[in-house]
Amino acid sequence: MTLTGMRAPHFELTDTRLANGLRVVVNEDHAVPIVAVNIWYDVGSRHEEPGRTGLAHLFEHLMFEGSAHVEKGEHLKLLQAVGATLNATTWCDRTNYFETVPSHHLELALWLEADRMGGLADSLSQETLDNQRAVVQNERRQSYDNQPYGGWIEQLQQSAFPAGHPYQHSTIGSMDDLEAASLDDVKDFYRRHYAPNNAVLTLVGDVDTDAALALVEKYFGGIPACADLVGAPDGTAPPVIGEEIRKVIPDNVPLPAVFMGYRCPPFGTPDFDALSVLSVVLGGGRGSRLYRELVLERALVRPSEEFVGAFDFVGGVSLLIADLHCAEGVTPEQAEAAYDEVVDAALRDGIADDELARARALLTSDVLGHLASLDSRADALSQHATLFGDPELVNTRVDRLLAPTADDLLRVGRAVLRRDNRVVLTYLPEEESA
């Protein structure tokens, strides 16, 4: 079979809604006796109000601190006791909670998820808020403030989007906003976003669909819908920044580094797919142009598996990222100039057939590997249902990545990878910038 004829397996889905608005997606897969339970809430940092940043991520922590009928710490203990794995993540457009359990313990997982969907607010205390606020603030110190290069994502978001844009701040939130959040603020955020009519529940694995839906109705059906859900603010922005924005950041870093951010089409669009393919051609792995030229041939930057990639923002505009960590003795000016040479040559001279074939093969392999895993497949189904309203889009993901032509890559690349459409952050060791 040729690459262009490749198709992902077609997953049979049941897609229903409860009377309270909860969307339930089920994909039976009886290969192993486990089931992935995955919930996406349509709330992320994009939904936060000015002065109240960080609340979506804070809830990623609070949701494990007990609920109406579950004591503090018991959520984790009960699931781990039956051999489950579990976690949660927060992003700009969503928050997800997930566990993979032995299939005969599905009911336990559903009861726990329903209890914190419908009964978390009353269990929240000032003590719990203060404790988890401190945890998140420490996470910020470790991952952003005191981490070499740790602030790059915040710096790019702040500079690449207009003032007040919902993507202008990071998911971790600011220290001041976290400190200012009151218990009433937190409970109000939960009430407005953590509701069945703002969520997708996906079950993938060794389940009987009818029996599983009956359990979902049993545990989630009585949770009332939120009558005044707060949707995401408008995220549209001009497709081009309109100037090159440059910042030099002295920091406690071992070597210089250059981070670039370009406004680009949002995730889920054909142009984003074309940009995804182009990113692999330019900077995806050892066979990419940037790796060959900047690492293997000229030894200007340190190796990376992904020099170029786009964030999966859906709210009108997204952000394409390029990062270059300089090799010893190399200046950021040298690394940036070489990067520009490679990118400019690709957009000027075109994409070779073998480069396009390689990029398609890598992306296809990544998608197929992702969907082979029950928990990753459940997450993909929740993602497509939440962000695009259609979990069946999982079945066309490979086709959509194979669709862009070399001409599409050049068209989108020339529109995005422009000097007047980028933020350039140059990190310098503090002693070099003195």
# chains A, B, ... in the order shown; residues from 1 in each chain; ligands from 1
>>> residues_around(residues="segment 93-102 of chain A", least_positions_apart="6", cutoff="8 Å", atoms="only C-alpha atoms", output="VMD selection string")
chain A and resid 33 to 47 56 to 57 60 79 82 to 87 109 313 to 315 375
>>> write_last_selection(atoms="C-alpha atoms", output="compact mmCIF listing (two decimals), in the first residue's frame")
# COMPACT_ATOMS: atom_id res chain seq x y z
CA PRO A 33 -9.55 -6.12 29.98
CA ILE A 34 -9.11 -2.41 30.73
CA VAL A 35 -11.05 0.75 30.00
CA ALA A 36 -9.87 4.34 29.59
CA VAL A 37 -12.13 6.90 31.24
CA ASN A 38 -11.53 10.42 29.96
CA ILE A 39 -13.31 13.69 30.69
CA TRP A 40 -12.65 16.97 28.90
CA TYR A 41 -14.10 20.16 30.35
CA ASP A 42 -14.42 23.04 27.94
CA VAL A 43 -12.40 25.35 30.18
CA GLY A 44 -8.77 26.39 30.14
CA SER A 45 -6.65 29.46 30.67
CA ARG A 46 -8.34 31.09 27.65
CA HIS A 47 -11.56 31.25 29.70
CA ALA A 56 -8.17 26.50 35.45
CA HIS A 57 -4.83 24.96 36.34
CA GLU A 60 -6.45 20.49 38.08
CA LEU A 79 -8.15 4.17 42.10
CA VAL A 82 -7.46 -1.31 42.05
CA GLY A 83 -4.44 -0.88 39.78
CA ALA A 84 -5.56 2.23 37.92
CA THR A 85 -3.34 4.91 36.45
CA LEU A 86 -4.63 8.49 36.47
CA ASN A 87 -3.71 12.11 35.93
CA ALA A 109 -14.11 5.39 38.19
CA PHE A 313 -4.84 26.72 19.98
CA VAL A 314 -8.33 26.74 18.44
CA GLY A 315 -9.60 30.20 19.34
CA ASP A 375 -5.99 6.14 26.85
>>> select_by_dssp(residues="segment 128-176 of chain A", states="helix (DSSP H, G or I)", output="number ranges by chain")
A: 128-145, 152-160, 175-176
>>> closest_residue(among="A:Ala214, A:Val343, A:Leu320, A:Ala335", to="Leu294 of chain A", atoms="only C-alpha atoms")
A:Ala335
>>> residues_around(residues="Pro148 of chain A", least_positions_apart="3", cutoff="8 Å", atoms="only C-alpha atoms", output="list of chain:residue names")
A:Asp251, A:Asn252, A:Val253, A:Pro254
>>> write_last_selection(atoms="all heavy atoms", output="compact mmCIF listing (two decimals), in the first residue's frame")
# COMPACT_ATOMS: atom_id res chain seq x y z
N ASP A 251 19.60 35.93 31.80
CA ASP A 251 19.01 34.93 32.69
C ASP A 251 20.12 34.00 33.18
O ASP A 251 21.22 33.96 32.63
CB ASP A 251 17.94 34.13 31.94
CG ASP A 251 16.98 33.40 32.87
OD1 ASP A 251 17.08 33.59 34.10
OD2 ASP A 251 16.14 32.63 32.38
N ASN A 252 19.79 33.24 34.19
CA ASN A 252 20.73 32.25 34.73
C ASN A 252 20.68 30.99 33.86
O ASN A 252 20.09 29.98 34.23
CB ASN A 252 20.37 31.93 36.18
CG ASN A 252 21.35 30.97 36.81
OD1 ASN A 252 22.50 30.85 36.38
ND2 ASN A 252 20.91 30.26 37.85
N VAL A 253 21.26 31.11 32.67
CA VAL A 253 21.24 30.01 31.70
C VAL A 253 22.68 29.66 31.33
O VAL A 253 23.57 30.51 31.36
CB VAL A 253 20.44 30.38 30.43
CG1 VAL A 253 18.98 30.61 30.78
CG2 VAL A 253 21.02 31.62 29.75
N PRO A 254 22.93 28.40 30.97
CA PRO A 254 24.31 27.99 30.68
C PRO A 254 24.82 28.48 29.33
O PRO A 254 26.01 28.79 29.19
CB PRO A 254 24.23 26.46 30.70
CG PRO A 254 22.81 26.15 30.37
CD PRO A 254 22.01 27.24 30.98
>>> residues_around(residues="Pro196 of chain A", least_positions_apart="3", cutoff="10 Å", atoms="only C-alpha atoms", output="PyMOL selection string")
chain A and resi 17-23+41+114+117-118+193+199-201+220-226
>>> select_by_dssp(residues="segment 28-269 of chain A", states="strand (DSSP E)", output="number ranges by chain")
A: 28, 34-41, 85-90, 95-102, 199-205, 243-251, 257-264
>>> write_last_selection(atoms="N, CA and C atoms", output="compact mmCIF listing (two decimals), in the first residue's frame")
# COMPACT_ATOMS: atom_id res chain seq x y z
N GLU A 28 -15.90 0.63 21.92
CA GLU A 28 -15.58 -0.70 22.46
C GLU A 28 -14.31 -1.25 21.83
N ILE A 34 -9.23 -3.71 30.08
CA ILE A 34 -9.11 -2.41 30.73
C ILE A 34 -9.99 -1.42 29.98
N VAL A 35 -10.26 -0.30 30.63
CA VAL A 35 -11.05 0.75 30.00
C VAL A 35 -10.45 2.11 30.36
N ALA A 36 -10.33 2.97 29.37
CA ALA A 36 -9.87 4.34 29.59
C ALA A 36 -11.08 5.23 29.80
N VAL A 37 -11.07 5.96 30.90
CA VAL A 37 -12.13 6.90 31.24
C VAL A 37 -11.54 8.30 31.12
N ASN A 38 -12.15 9.13 30.29
CA ASN A 38 -11.53 10.42 29.96
C ASN A 38 -12.60 11.50 29.94
N ILE A 39 -12.37 12.57 30.68
CA ILE A 39 -13.31 13.69 30.69
C ILE A 39 -12.58 14.96 30.27
N TRP A 40 -13.12 15.63 29.28
CA TRP A 40 -12.65 16.97 28.90
C TRP A 40 -13.70 17.98 29.31
N TYR A 41 -13.26 19.00 30.05
CA TYR A 41 -14.10 20.16 30.35
C TYR A 41 -13.69 21.29 29.41
N THR A 85 -4.24 3.78 36.64
CA THR A 85 -3.34 4.91 36.45
C THR A 85 -4.21 6.13 36.17
N LEU A 86 -3.78 7.31 36.61
CA LEU A 86 -4.63 8.49 36.47
C LEU A 86 -3.80 9.76 36.49
N ASN A 87 -4.37 10.81 35.92
CA ASN A 87 -3.71 12.11 35.93
C ASN A 87 -4.68 13.15 35.38
N ALA A 88 -4.16 14.36 35.17
CA ALA A 88 -4.95 15.46 34.60
C ALA A 88 -3.98 16.45 33.99
N THR A 89 -4.46 17.23 33.03
CA THR A 89 -3.64 18.28 32.43
C THR A 89 -4.52 19.48 32.13
N THR A 90 -3.88 20.64 32.04
CA THR A 90 -4.58 21.88 31.71
C THR A 90 -3.91 22.52 30.51
N THR A 95 -9.44 21.49 30.04
CA THR A 95 -8.83 20.75 31.13
C THR A 95 -9.32 19.32 31.02
N ASN A 96 -8.41 18.34 31.16
CA ASN A 96 -8.86 16.95 31.06
C ASN A 96 -8.42 16.15 32.28
N TYR A 97 -9.25 15.17 32.60
CA TYR A 97 -9.03 14.27 33.73
C TYR A 97 -9.20 12.85 33.20
N PHE A 98 -8.31 11.96 33.58
CA PHE A 98 -8.36 10.64 32.94
C PHE A 98 -7.77 9.57 33.86
N GLU A 99 -8.33 8.38 33.71
CA GLU A 99 -7.81 7.21 34.40
C GLU A 99 -8.04 5.99 33.52
N THR A 100 -7.16 5.03 33.63
CA THR A 100 -7.33 3.75 32.96
C THR A 100 -7.44 2.69 34.04
N VAL A 101 -8.54 1.95 34.02
CA VAL A 101 -8.85 1.02 35.11
C VAL A 101 -9.13 -0.37 34.55
N PRO A 102 -8.94 -1.42 35.36
CA PRO A 102 -9.45 -2.74 34.96
C PRO A 102 -10.94 -2.62 34.68
N ALA A 199 -19.00 19.38 29.30
CA ALA A 199 -18.03 18.29 29.40
C ALA A 199 -18.32 17.20 28.38
N VAL A 200 -17.26 16.47 28.05
CA VAL A 200 -17.36 15.25 27.24
C VAL A 200 -16.73 14.12 28.03
N LEU A 201 -17.47 13.05 28.20
CA LEU A 201 -16.98 11.83 28.85
C LEU A 201 -16.78 10.77 27.79
N THR A 202 -15.56 10.24 27.70
CA THR A 202 -15.26 9.22 26.70
C THR A 202 -14.80 7.94 27.39
N LEU A 203 -15.33 6.82 26.94
CA LEU A 203 -14.94 5.50 27.43
C LEU A 203 -14.42 4.69 26.26
N VAL A 204 -13.20 4.18 26.39
CA VAL A 204 -12.60 3.36 25.35
C VAL A 204 -12.03 2.11 25.98
N GLY A 205 -12.44 0.97 25.46
CA GLY A 205 -11.86 -0.27 25.96
C GLY A 205 -12.88 -1.37 26.13
N GLU A 243 4.99 43.40 12.73
CA GLU A 243 6.35 43.86 12.97
C GLU A 243 7.14 42.71 13.59
N GLU A 244 8.45 42.83 13.56
CA GLU A 244 9.29 41.89 14.29
C GLU A 244 9.55 42.46 15.67
N ILE A 245 9.21 41.71 16.70
CA ILE A 245 9.40 42.14 18.08
C ILE A 245 10.59 41.36 18.65
N ARG A 246 11.58 42.08 19.15
CA ARG A 246 12.79 41.44 19.65
C ARG A 246 13.00 41.79 21.12
N LYS A 247 13.36 40.79 21.90
CA LYS A 247 13.67 41.01 23.31
C LYS A 247 14.93 40.23 23.66
N VAL A 248 15.81 40.85 24.42
CA VAL A 248 17.00 40.20 24.95
C VAL A 248 16.77 39.98 26.44
N ILE A 249 16.92 38.74 26.90
CA ILE A 249 16.59 38.38 28.27
C ILE A 249 17.84 37.82 28.96
N PRO A 250 18.49 38.61 29.81
CA PRO A 250 19.58 38.06 30.62
C PRO A 250 19.00 37.09 31.67
N ASP A 251 19.60 35.93 31.80
CA ASP A 251 19.01 34.93 32.69
C ASP A 251 20.12 34.00 33.18
N ALA A 257 20.26 31.05 23.87
CA ALA A 257 19.19 30.36 23.14
C ALA A 257 18.30 31.39 22.48
N VAL A 258 17.69 30.99 21.37
CA VAL A 258 16.78 31.87 20.63
C VAL A 258 15.44 31.16 20.51
N PHE A 259 14.37 31.83 20.92
CA PHE A 259 13.01 31.32 20.78
C PHE A 259 12.25 32.28 19.88
N MET A 260 11.51 31.73 18.92
CA MET A 260 10.71 32.56 18.02
C MET A 260 9.26 32.11 18.06
N GLY A 261 8.36 33.06 17.96
CA GLY A 261 6.94 32.76 17.89
C GLY A 261 6.29 33.50 16.74
N TYR A 262 5.54 32.79 15.91
CA TYR A 262 4.83 33.36 14.77
C TYR A 262 3.33 33.13 14.94
N ARG A 263 2.53 34.13 14.70
CA ARG A 263 1.09 33.87 14.62
C ARG A 263 0.82 32.96 13.44
N CYS A 264 -0.13 32.04 13.62
CA CYS A 264 -0.43 31.09 12.54
C CYS A 264 -1.90 30.68 12.61
>>> closest_atom_pairs(of="segment 320-409 of chain A", to="segment 422-426 of chain A", cutoff="12 Å", atoms="only C-alpha atoms", output="Markdown table")
| residue | atom | partner | partner_atom | distance |
| --- | --- | --- | --- | --- |
| A:Leu320 | CA | A:Arg422 | CA | 9.2 |
| A:Ile321 | CA | A:Arg422 | CA | 9.5 |
| A:Ala322 | CA | A:Val424 | CA | 9.4 |
| A:Asp323 | CA | A:Leu425 | CA | 9.4 |
| A:Leu324 | CA | A:Thr426 | CA | 9.7 |
| A:His325 | CA | A:Thr426 | CA | 10.0 |
| A:Cys326 | CA | A:Thr426 | CA | 10.6 |
| A:Thr331 | CA | A:Thr426 | CA | 10.2 |
| A:Pro332 | CA | A:Thr426 | CA | 7.0 |
| A:Glu333 | CA | A:Thr426 | CA | 9.0 |
| A:Gln334 | CA | A:Thr426 | CA | 11.9 |
| A:Ala335 | CA | A:Thr426 | CA | 10.7 |
| A:Glu336 | CA | A:Val424 | CA | 9.4 |
>>> write_last_selection(atoms="C-alpha atoms", output="compact mmCIF listing (two decimals), in the first residue's frame")
# COMPACT_ATOMS: atom_id res chain seq x y z
CA LEU A 320 4.13 28.49 15.66
CA ILE A 321 7.28 28.06 17.74
CA ALA A 322 10.93 27.69 16.76
CA ASP A 323 13.69 27.21 19.33
CA LEU A 324 17.45 27.10 18.93
CA HIS A 325 19.75 26.26 21.83
CA CYS A 326 23.23 27.38 20.86
CA THR A 331 26.48 33.29 19.34
CA PRO A 332 22.69 33.63 19.08
CA GLU A 333 23.21 35.84 16.03
CA GLN A 334 25.02 32.99 14.25
CA ALA A 335 22.31 30.46 15.13
CA GLU A 336 19.48 32.78 14.08
>>> atom_distance(atom1="atom CA of Arg302 of chain A", atom2="atom CA of Leu347 of chain A")
23.8 Å
>>> residues_around(residues="segment 164-166 of chain A", least_positions_apart="4", cutoff="12 Å", atoms="only C-alpha atoms", output="VMD selection string")
chain A and resid 44 to 53 92 to 93 157 to 160 170 to 171 231 to 238 313 to 318
